[in-house]
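> Here you go, this is data.txt (compact mmCIF, N, CA and C atoms).
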```
# COMPACT_ATOMS: atom_id res chain seq x y z
N MET A 1 18.27 37.82 -14.74
CA MET A 1 17.18 37.58 -15.64
C MET A 1 17.74 36.96 -16.91
N SER A 2 17.08 35.95 -17.43
CA SER A 2 17.58 35.34 -18.67
C SER A 2 16.62 35.64 -19.81
N PHE A 3 17.19 35.68 -20.99
CA PHE A 3 16.40 36.00 -22.18
C PHE A 3 16.40 34.81 -23.11
N HIS A 4 15.27 34.60 -23.73
CA HIS A 4 15.15 33.58 -24.77
C HIS A 4 14.59 34.30 -25.98
N GLY A 5 15.48 34.55 -26.96
CA GLY A 5 15.05 35.38 -28.09
C GLY A 5 14.84 36.78 -27.57
N ASN A 6 13.66 37.34 -27.79
CA ASN A 6 13.33 38.68 -27.29
C ASN A 6 12.46 38.62 -26.05
N GLN A 7 12.25 37.41 -25.50
CA GLN A 7 11.35 37.28 -24.37
C GLN A 7 12.10 36.96 -23.09
N ILE A 8 11.67 37.53 -22.00
CA ILE A 8 12.20 37.20 -20.68
C ILE A 8 11.46 35.95 -20.23
N VAL A 9 12.18 35.02 -19.62
CA VAL A 9 11.55 33.78 -19.17
C VAL A 9 10.43 34.12 -18.19
N ALA A 10 9.23 33.57 -18.44
CA ALA A 10 8.03 33.92 -17.68
C ALA A 10 8.14 33.61 -16.21
N ALA A 11 8.77 32.51 -15.84
CA ALA A 11 8.88 32.15 -14.43
C ALA A 11 9.64 33.19 -13.63
N GLU A 12 10.60 33.85 -14.28
CA GLU A 12 11.36 34.88 -13.59
C GLU A 12 10.54 36.15 -13.38
N LEU A 13 9.61 36.43 -14.26
CA LEU A 13 8.76 37.61 -14.10
C LEU A 13 7.79 37.46 -12.94
N THR A 14 7.30 36.26 -12.74
CA THR A 14 6.28 36.04 -11.70
C THR A 14 6.88 35.66 -10.36
N ASP A 15 8.19 35.39 -10.32
CA ASP A 15 8.88 34.96 -9.09
C ASP A 15 8.24 33.71 -8.49
N GLN A 16 7.60 32.91 -9.31
CA GLN A 16 7.02 31.65 -8.86
C GLN A 16 8.10 30.58 -8.85
N PRO A 17 8.10 29.74 -7.80
CA PRO A 17 9.09 28.66 -7.80
C PRO A 17 8.78 27.65 -8.91
N SER A 18 9.81 27.08 -9.48
CA SER A 18 9.62 26.07 -10.52
C SER A 18 9.19 24.75 -9.89
N SER A 19 8.74 23.84 -10.72
CA SER A 19 8.38 22.51 -10.23
C SER A 19 9.56 21.85 -9.56
N LEU A 20 10.75 22.05 -10.12
CA LEU A 20 11.96 21.46 -9.53
C LEU A 20 12.25 22.07 -8.16
N ASP A 21 12.02 23.37 -8.00
CA ASP A 21 12.21 24.03 -6.70
C ASP A 21 11.25 23.45 -5.67
N ILE A 22 10.00 23.28 -6.06
CA ILE A 22 9.00 22.74 -5.15
C ILE A 22 9.34 21.30 -4.78
N ALA A 23 9.73 20.51 -5.77
CA ALA A 23 10.10 19.11 -5.51
C ALA A 23 11.29 19.05 -4.56
N GLU A 24 12.26 19.94 -4.74
CA GLU A 24 13.42 19.96 -3.85
C GLU A 24 13.02 20.27 -2.42
N GLN A 25 12.12 21.21 -2.23
CA GLN A 25 11.65 21.56 -0.89
C GLN A 25 10.94 20.38 -0.23
N VAL A 26 10.06 19.72 -0.98
CA VAL A 26 9.33 18.57 -0.44
C VAL A 26 10.31 17.46 -0.08
N LEU A 27 11.24 17.17 -0.99
CA LEU A 27 12.22 16.11 -0.75
C LEU A 27 13.09 16.44 0.46
N GLN A 28 13.50 17.69 0.58
CA GLN A 28 14.33 18.08 1.72
C GLN A 28 13.59 17.84 3.03
N GLN A 29 12.32 18.24 3.10
CA GLN A 29 11.54 18.03 4.32
C GLN A 29 11.41 16.55 4.64
N ARG A 30 11.09 15.75 3.64
CA ARG A 30 10.91 14.32 3.85
C ARG A 30 12.22 13.64 4.22
N LEU A 31 13.32 14.05 3.56
CA LEU A 31 14.61 13.46 3.89
C LEU A 31 15.03 13.77 5.32
N GLU A 32 14.72 14.96 5.80
CA GLU A 32 15.01 15.29 7.19
C GLU A 32 14.29 14.32 8.12
N GLU A 33 13.02 14.01 7.79
CA GLU A 33 12.25 13.06 8.60
C GLU A 33 12.86 11.66 8.52
N ILE A 34 13.26 11.24 7.32
CA ILE A 34 13.84 9.92 7.13
C ILE A 34 15.18 9.80 7.85
N VAL A 35 16.01 10.84 7.77
CA VAL A 35 17.29 10.83 8.47
C VAL A 35 17.06 10.69 9.98
N THR A 36 16.07 11.39 10.49
CA THR A 36 15.75 11.29 11.92
C THR A 36 15.35 9.86 12.28
N ILE A 37 14.49 9.26 11.47
CA ILE A 37 14.05 7.89 11.73
C ILE A 37 15.22 6.92 11.70
N LEU A 38 16.06 7.02 10.67
CA LEU A 38 17.19 6.11 10.53
C LEU A 38 18.25 6.33 11.61
N SER A 39 18.42 7.56 12.03
CA SER A 39 19.45 7.83 13.04
C SER A 39 19.03 7.36 14.43
N LEU A 40 17.75 7.05 14.62
CA LEU A 40 17.28 6.54 15.91
C LEU A 40 17.76 5.11 16.14
N GLU A 41 18.02 4.38 15.04
CA GLU A 41 18.53 3.03 15.17
C GLU A 41 19.97 3.08 15.65
N ASN A 42 20.29 2.24 16.60
CA ASN A 42 21.65 2.21 17.11
C ASN A 42 22.41 1.13 16.35
N ARG A 43 23.12 1.54 15.31
CA ARG A 43 23.90 0.60 14.50
C ARG A 43 25.38 0.81 14.81
N GLY A 44 26.13 -0.26 14.64
CA GLY A 44 27.56 -0.17 14.88
C GLY A 44 28.23 0.82 13.95
N ARG A 45 27.81 0.81 12.70
CA ARG A 45 28.39 1.72 11.71
C ARG A 45 27.25 2.48 11.06
N LYS A 46 27.33 3.77 11.06
CA LYS A 46 26.29 4.59 10.43
C LYS A 46 26.38 4.45 8.93
N LYS A 47 25.26 4.17 8.30
CA LYS A 47 25.22 4.07 6.84
C LYS A 47 24.01 4.81 6.29
N ILE A 48 23.70 5.93 6.89
CA ILE A 48 22.51 6.68 6.48
C ILE A 48 22.58 7.07 5.01
N TYR A 49 23.73 7.52 4.54
CA TYR A 49 23.86 7.94 3.15
C TYR A 49 23.54 6.77 2.22
N ASP A 50 24.20 5.64 2.42
CA ASP A 50 23.97 4.47 1.57
C ASP A 50 22.53 4.00 1.63
N ASP A 51 21.96 3.99 2.84
CA ASP A 51 20.57 3.54 2.99
C ASP A 51 19.61 4.44 2.22
N ILE A 52 19.80 5.74 2.33
CA ILE A 52 18.89 6.68 1.67
C ILE A 52 19.05 6.63 0.15
N VAL A 53 20.28 6.56 -0.33
CA VAL A 53 20.50 6.47 -1.78
C VAL A 53 19.85 5.19 -2.32
N SER A 54 19.99 4.09 -1.61
CA SER A 54 19.36 2.83 -2.04
C SER A 54 17.84 2.94 -2.05
N LEU A 55 17.28 3.56 -1.01
CA LEU A 55 15.83 3.75 -0.95
C LEU A 55 15.33 4.60 -2.12
N VAL A 56 16.02 5.69 -2.40
CA VAL A 56 15.61 6.58 -3.49
C VAL A 56 15.70 5.86 -4.83
N GLU A 57 16.81 5.15 -5.06
CA GLU A 57 16.95 4.40 -6.31
C GLU A 57 15.85 3.37 -6.46
N LYS A 58 15.57 2.64 -5.40
CA LYS A 58 14.54 1.60 -5.44
C LYS A 58 13.18 2.19 -5.77
N ILE A 59 12.83 3.27 -5.12
CA ILE A 59 11.53 3.92 -5.36
C ILE A 59 11.45 4.47 -6.78
N LEU A 60 12.52 5.12 -7.25
CA LEU A 60 12.53 5.65 -8.62
C LEU A 60 12.38 4.54 -9.65
N ILE A 61 13.10 3.45 -9.46
CA ILE A 61 13.03 2.35 -10.42
C ILE A 61 11.65 1.71 -10.41
N GLN A 62 11.09 1.48 -9.23
CA GLN A 62 9.75 0.91 -9.16
C GLN A 62 8.72 1.83 -9.80
N SER A 63 8.86 3.12 -9.58
CA SER A 63 7.94 4.08 -10.19
C SER A 63 8.07 4.06 -11.70
N ALA A 64 9.30 4.04 -12.21
CA ALA A 64 9.52 4.02 -13.66
C ALA A 64 8.97 2.73 -14.26
N LEU A 65 9.16 1.61 -13.58
CA LEU A 65 8.62 0.34 -14.08
C LEU A 65 7.09 0.37 -14.11
N ASN A 66 6.49 0.92 -13.08
CA ASN A 66 5.03 1.03 -13.05
C ASN A 66 4.51 1.92 -14.17
N ARG A 67 5.20 3.03 -14.42
CA ARG A 67 4.78 3.96 -15.47
C ARG A 67 4.96 3.39 -16.87
N SER A 68 5.89 2.43 -16.98
CA SER A 68 6.19 1.86 -18.30
C SER A 68 5.57 0.48 -18.49
N ASN A 69 4.63 0.11 -17.61
CA ASN A 69 3.99 -1.21 -17.69
C ASN A 69 5.03 -2.33 -17.63
N GLN A 70 6.04 -2.13 -16.79
CA GLN A 70 7.10 -3.10 -16.51
C GLN A 70 8.05 -3.34 -17.70
N VAL A 71 8.08 -2.44 -18.66
CA VAL A 71 8.99 -2.57 -19.80
C VAL A 71 10.30 -1.88 -19.41
N LYS A 72 11.36 -2.68 -19.26
CA LYS A 72 12.64 -2.16 -18.76
C LYS A 72 13.24 -1.08 -19.66
N SER A 73 13.19 -1.27 -20.97
CA SER A 73 13.79 -0.27 -21.85
C SER A 73 13.07 1.07 -21.73
N ALA A 74 11.75 1.03 -21.60
CA ALA A 74 10.97 2.27 -21.43
C ALA A 74 11.24 2.89 -20.06
N ALA A 75 11.36 2.06 -19.04
CA ALA A 75 11.65 2.56 -17.69
C ALA A 75 13.03 3.21 -17.66
N ALA A 76 14.01 2.58 -18.31
CA ALA A 76 15.35 3.15 -18.37
C ALA A 76 15.34 4.48 -19.09
N SER A 77 14.62 4.55 -20.20
CA SER A 77 14.52 5.80 -20.96
C SER A 77 13.87 6.90 -20.11
N PHE A 78 12.81 6.54 -19.39
CA PHE A 78 12.12 7.49 -18.51
C PHE A 78 13.10 8.06 -17.46
N LEU A 79 13.97 7.19 -16.93
CA LEU A 79 14.93 7.61 -15.91
C LEU A 79 16.16 8.29 -16.49
N GLY A 80 16.35 8.15 -17.81
CA GLY A 80 17.52 8.74 -18.45
C GLY A 80 18.79 7.93 -18.21
N ILE A 81 18.63 6.60 -18.05
CA ILE A 81 19.78 5.74 -17.86
C ILE A 81 19.75 4.61 -18.89
N ASN A 82 20.86 3.93 -19.03
CA ASN A 82 20.98 2.81 -19.95
C ASN A 82 20.21 1.61 -19.41
N ARG A 83 19.65 0.80 -20.31
CA ARG A 83 18.88 -0.37 -19.88
C ARG A 83 19.73 -1.35 -19.07
N ASN A 84 21.00 -1.53 -19.45
CA ASN A 84 21.88 -2.41 -18.68
C ASN A 84 22.13 -1.87 -17.28
N THR A 85 22.26 -0.56 -17.17
CA THR A 85 22.43 0.07 -15.86
C THR A 85 21.19 -0.18 -15.00
N LEU A 86 20.02 -0.03 -15.61
CA LEU A 86 18.77 -0.30 -14.88
C LEU A 86 18.75 -1.74 -14.42
N HIS A 87 19.06 -2.67 -15.31
CA HIS A 87 19.06 -4.09 -14.96
C HIS A 87 20.01 -4.37 -13.80
N ASN A 88 21.21 -3.81 -13.86
CA ASN A 88 22.19 -4.02 -12.78
C ASN A 88 21.71 -3.45 -11.45
N LYS A 89 21.10 -2.27 -11.50
CA LYS A 89 20.59 -1.67 -10.27
C LYS A 89 19.43 -2.49 -9.70
N MET A 90 18.59 -3.02 -10.58
CA MET A 90 17.47 -3.85 -10.13
C MET A 90 18.00 -5.09 -9.41
N GLU A 91 19.03 -5.71 -9.97
CA GLU A 91 19.62 -6.89 -9.33
C GLU A 91 20.22 -6.52 -7.97
N LYS A 92 20.97 -5.42 -7.94
CA LYS A 92 21.63 -4.97 -6.70
C LYS A 92 20.60 -4.67 -5.61
N LEU A 93 19.48 -4.08 -6.00
CA LEU A 93 18.46 -3.66 -5.04
C LEU A 93 17.40 -4.74 -4.78
N GLY A 94 17.50 -5.85 -5.49
CA GLY A 94 16.53 -6.94 -5.29
C GLY A 94 15.16 -6.63 -5.84
N ILE A 95 15.09 -5.91 -6.95
CA ILE A 95 13.82 -5.56 -7.56
C ILE A 95 13.53 -6.54 -8.69
N ALA A 96 12.42 -7.22 -8.56
CA ALA A 96 11.97 -8.12 -9.64
C ALA A 96 10.78 -7.45 -10.31
N PRO A 97 10.85 -7.22 -11.62
CA PRO A 97 9.72 -6.56 -12.29
C PRO A 97 8.48 -7.44 -12.27
N ASP A 98 7.34 -6.81 -12.08
CA ASP A 98 6.07 -7.52 -12.16
C ASP A 98 5.78 -7.81 -13.62
N ARG A 99 4.92 -8.73 -13.86
CA ARG A 99 4.50 -9.03 -15.23
C ARG A 99 3.59 -7.91 -15.70
N PRO A 100 3.71 -7.51 -16.98
CA PRO A 100 2.80 -6.48 -17.51
C PRO A 100 1.35 -6.93 -17.44
N ILE A 101 0.47 -5.98 -17.24
CA ILE A 101 -0.96 -6.27 -17.21
C ILE A 101 -1.46 -6.41 -18.62
N GLY A 102 -2.27 -7.45 -18.86
CA GLY A 102 -2.88 -7.61 -20.18
C GLY A 102 -2.41 -8.76 -20.95
```
Could you quickly redo this structure as structure tokens?

Amino acid sequence: MSFHGNQIVAAELTDQPSSLDIAEQVLQQRLEEIVTILSLENRGRKKIYDDIVSLVEKILIQSALNRSNQVKSAAASFLGINRNTLHNKMEKLGIAPDRPIG
């Protein structure tokens, strides 16, 4: 049990899973499905790890760009990464930002 000041953290009292716990469970289930799909392909060299990491990065970046109206600095801030890192990842993954609406 952890204490914050004189209060016990509420989530620990109710034994409710945190949002992060729930997200982890959902992601684990979906990743199991994705691994199964990717492993059905007969490739000379297995690259499931690289493929999944690239997919996750691409989806996260696209989501951040959508949430930030395609503003790279805001998307990078949302993701907690440097704008140059975001730009480099976008180039590597072939992501071209859409034009902002308006």
> Counting all atoms listed in the file, figure out which residue out of A:Ser63, A:Lys58, A:Ser68, A:Gln16 gets nearest to A:Met90.
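Closest residue, counting all atoms listed in the file: A:Lys58.
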> Between atom N of A:Glu24 and atom N of A:Asn66, what is the distance in Å, rounded to a tenth?
21.6 Å
> Please identify the alpha helix (DSSP H) residues within stretch 10-89 of chain A (assignment by DSSP from backbone atoms) and present them as a PyMOL selection string.
chain A and resi 10-14+19-39+48-67+72-79+83-89
> Could you work out how far atom CA of A:Val35 lies from atom C of A:Ile48, giving the answer in Å with one decimal?
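Spanning atom C of A:Ile48 to atom CA of A:Val35 is a straight-line distance of 7.4 Å.
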> Choose the residue, out of A:Lys46, A:Ile52, A:Asp98, A:Phe78, that has the smallest atom-to-atom separation from A:Glu32; count only C-alpha atoms.
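Distance minimum relative to A:Glu32 lands on A:Ile52.
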> One decimal, in Å: what's the spacing between atom N of A:Leu86 and atom C of A:Lys72?
8.0 Å
> Name the closest residue to A:Arg83 among the candidates A:Val53, A:Leu31, A:Leu65, A:Ile59; distances are taken between atoms, counting only C-alpha atoms.
A:Leu65
> Dump N, CA and C atoms of stretch 11-40 of chain A from the given block, as a PDB file, in the first residue's frame.

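Printed below is decode-v6.pdb as written:
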```pdb
ATOM      1  N   ALA A  11      -6.989   3.995  -5.625  1.00  0.00           N
ATOM      2  CA  ALA A  11      -7.054   2.823  -6.497  1.00  0.00           C
ATOM      3  C   ALA A  11      -6.678   1.550  -5.754  1.00  0.00           C
ATOM      4  N   GLU A  12      -5.780   1.670  -4.785  1.00  0.00           N
ATOM      5  CA  GLU A  12      -5.386   0.496  -4.016  1.00  0.00           C
ATOM      6  C   GLU A  12      -6.480   0.054  -3.049  1.00  0.00           C
ATOM      7  N   LEU A  13      -7.284   0.976  -2.571  1.00  0.00           N
ATOM      8  CA  LEU A  13      -8.375   0.616  -1.662  1.00  0.00           C
ATOM      9  C   LEU A  13      -9.476  -0.144  -2.378  1.00  0.00           C
ATOM     10  N   THR A  14      -9.736   0.216  -3.612  1.00  0.00           N
ATOM     11  CA  THR A  14     -10.845  -0.397  -4.346  1.00  0.00           C
ATOM     12  C   THR A  14     -10.419  -1.619  -5.143  1.00  0.00           C
ATOM     13  N   ASP A  15      -9.107  -1.878  -5.241  1.00  0.00           N
ATOM     14  CA  ASP A  15      -8.573  -2.996  -6.023  1.00  0.00           C
ATOM     15  C   ASP A  15      -9.026  -2.952  -7.477  1.00  0.00           C
ATOM     16  N   GLN A  16      -9.329  -1.770  -7.972  1.00  0.00           N
ATOM     17  CA  GLN A  16      -9.698  -1.592  -9.369  1.00  0.00           C
ATOM     18  C   GLN A  16      -8.437  -1.480 -10.213  1.00  0.00           C
ATOM     19  N   PRO A  17      -8.441  -2.124 -11.384  1.00  0.00           N
ATOM     20  CA  PRO A  17      -7.263  -1.984 -12.241  1.00  0.00           C
ATOM     21  C   PRO A  17      -7.162  -0.547 -12.762  1.00  0.00           C
ATOM     22  N   SER A  18      -5.947  -0.076 -12.932  1.00  0.00           N
ATOM     23  CA  SER A  18      -5.739   1.268 -13.463  1.00  0.00           C
ATOM     24  C   SER A  18      -5.985   1.266 -14.971  1.00  0.00           C
ATOM     25  N   SER A  19      -6.079   2.447 -15.532  1.00  0.00           N
ATOM     26  CA  SER A  19      -6.234   2.570 -16.986  1.00  0.00           C
ATOM     27  C   SER A  19      -5.069   1.913 -17.698  1.00  0.00           C
ATOM     28  N   LEU A  20      -3.870   2.055 -17.146  1.00  0.00           N
ATOM     29  CA  LEU A  20      -2.692   1.442 -17.752  1.00  0.00           C
ATOM     30  C   LEU A  20      -2.779  -0.082 -17.703  1.00  0.00           C
ATOM     31  N   ASP A  21      -3.293  -0.630 -16.604  1.00  0.00           N
ATOM     32  CA  ASP A  21      -3.476  -2.086 -16.493  1.00  0.00           C
ATOM     33  C   ASP A  21      -4.458  -2.584 -17.547  1.00  0.00           C
ATOM     34  N   ILE A  22      -5.555  -1.869 -17.707  1.00  0.00           N
ATOM     35  CA  ILE A  22      -6.567  -2.260 -18.688  1.00  0.00           C
ATOM     36  C   ILE A  22      -6.000  -2.169 -20.095  1.00  0.00           C
ATOM     37  N   ALA A  23      -5.286  -1.078 -20.380  1.00  0.00           N
ATOM     38  CA  ALA A  23      -4.678  -0.909 -21.704  1.00  0.00           C
ATOM     39  C   ALA A  23      -3.684  -2.037 -21.982  1.00  0.00           C
ATOM     40  N   GLU A  24      -2.914  -2.418 -20.981  1.00  0.00           N
ATOM     41  CA  GLU A  24      -1.953  -3.506 -21.157  1.00  0.00           C
ATOM     42  C   GLU A  24      -2.649  -4.820 -21.490  1.00  0.00           C
ATOM     43  N   GLN A  25      -3.749  -5.102 -20.817  1.00  0.00           N
ATOM     44  CA  GLN A  25      -4.503  -6.327 -21.085  1.00  0.00           C
ATOM     45  C   GLN A  25      -5.057  -6.335 -22.510  1.00  0.00           C
ATOM     46  N   VAL A  26      -5.633  -5.215 -22.930  1.00  0.00           N
ATOM     47  CA  VAL A  26      -6.186  -5.113 -24.282  1.00  0.00           C
ATOM     48  C   VAL A  26      -5.074  -5.283 -25.312  1.00  0.00           C
ATOM     49  N   LEU A  27      -3.957  -4.586 -25.099  1.00  0.00           N
ATOM     50  CA  LEU A  27      -2.839  -4.660 -26.030  1.00  0.00           C
ATOM     51  C   LEU A  27      -2.274  -6.074 -26.096  1.00  0.00           C
ATOM     52  N   GLN A  28      -2.167  -6.724 -24.952  1.00  0.00           N
ATOM     53  CA  GLN A  28      -1.652  -8.094 -24.931  1.00  0.00           C
ATOM     54  C   GLN A  28      -2.532  -9.022 -25.760  1.00  0.00           C
ATOM     55  N   GLN A  29      -3.851  -8.912 -25.587  1.00  0.00           N
ATOM     56  CA  GLN A  29      -4.769  -9.754 -26.355  1.00  0.00           C
ATOM     57  C   GLN A  29      -4.645  -9.488 -27.848  1.00  0.00           C
ATOM     58  N   ARG A  30      -4.609  -8.222 -28.227  1.00  0.00           N
ATOM     59  CA  ARG A  30      -4.516  -7.866 -29.639  1.00  0.00           C
ATOM     60  C   ARG A  30      -3.171  -8.272 -30.230  1.00  0.00           C
ATOM     61  N   LEU A  31      -2.091  -8.092 -29.455  1.00  0.00           N
ATOM     62  CA  LEU A  31      -0.780  -8.482 -29.960  1.00  0.00           C
ATOM     63  C   LEU A  31      -0.694  -9.988 -30.182  1.00  0.00           C
ATOM     64  N   GLU A  32      -1.322 -10.765 -29.326  1.00  0.00           N
ATOM     65  CA  GLU A  32      -1.354 -12.212 -29.532  1.00  0.00           C
ATOM     66  C   GLU A  32      -2.007 -12.539 -30.873  1.00  0.00           C
ATOM     67  N   GLU A  33      -3.102 -11.824 -31.188  1.00  0.00           N
ATOM     68  CA  GLU A  33      -3.779 -12.032 -32.468  1.00  0.00           C
ATOM     69  C   GLU A  33      -2.889 -11.615 -33.635  1.00  0.00           C
ATOM     70  N   ILE A  34      -2.209 -10.479 -33.495  1.00  0.00           N
ATOM     71  CA  ILE A  34      -1.335  -9.977 -34.555  1.00  0.00           C
ATOM     72  C   ILE A  34      -0.154 -10.907 -34.769  1.00  0.00           C
ATOM     73  N   VAL A  35       0.443 -11.398 -33.683  1.00  0.00           N
ATOM     74  CA  VAL A  35       1.554 -12.339 -33.799  1.00  0.00           C
ATOM     75  C   VAL A  35       1.100 -13.592 -34.545  1.00  0.00           C
ATOM     76  N   THR A  36      -0.084 -14.071 -34.239  1.00  0.00           N
ATOM     77  CA  THR A  36      -0.615 -15.247 -34.931  1.00  0.00           C
ATOM     78  C   THR A  36      -0.767 -14.969 -36.424  1.00  0.00           C
ATOM     79  N   ILE A  37      -1.324 -13.822 -36.770  1.00  0.00           N
ATOM     80  CA  ILE A  37      -1.511 -13.460 -38.180  1.00  0.00           C
ATOM     81  C   ILE A  37      -0.168 -13.373 -38.894  1.00  0.00           C
ATOM     82  N   LEU A  38       0.792 -12.679 -38.291  1.00  0.00           N
ATOM     83  CA  LEU A  38       2.096 -12.503 -38.928  1.00  0.00           C
ATOM     84  C   LEU A  38       2.879 -13.805 -39.009  1.00  0.00           C
ATOM     85  N   SER A  39       2.718 -14.667 -38.033  1.00  0.00           N
ATOM     86  CA  SER A  39       3.477 -15.922 -38.044  1.00  0.00           C
ATOM     87  C   SER A  39       2.930 -16.908 -39.073  1.00  0.00           C
ATOM     88  N   LEU A  40       1.726 -16.665 -39.591  1.00  0.00           N
ATOM     89  CA  LEU A  40       1.164 -17.536 -40.629  1.00  0.00           C
ATOM     90  C   LEU A  40       1.880 -17.352 -41.962  1.00  0.00           C
TER      91      LEU A  40
END
```
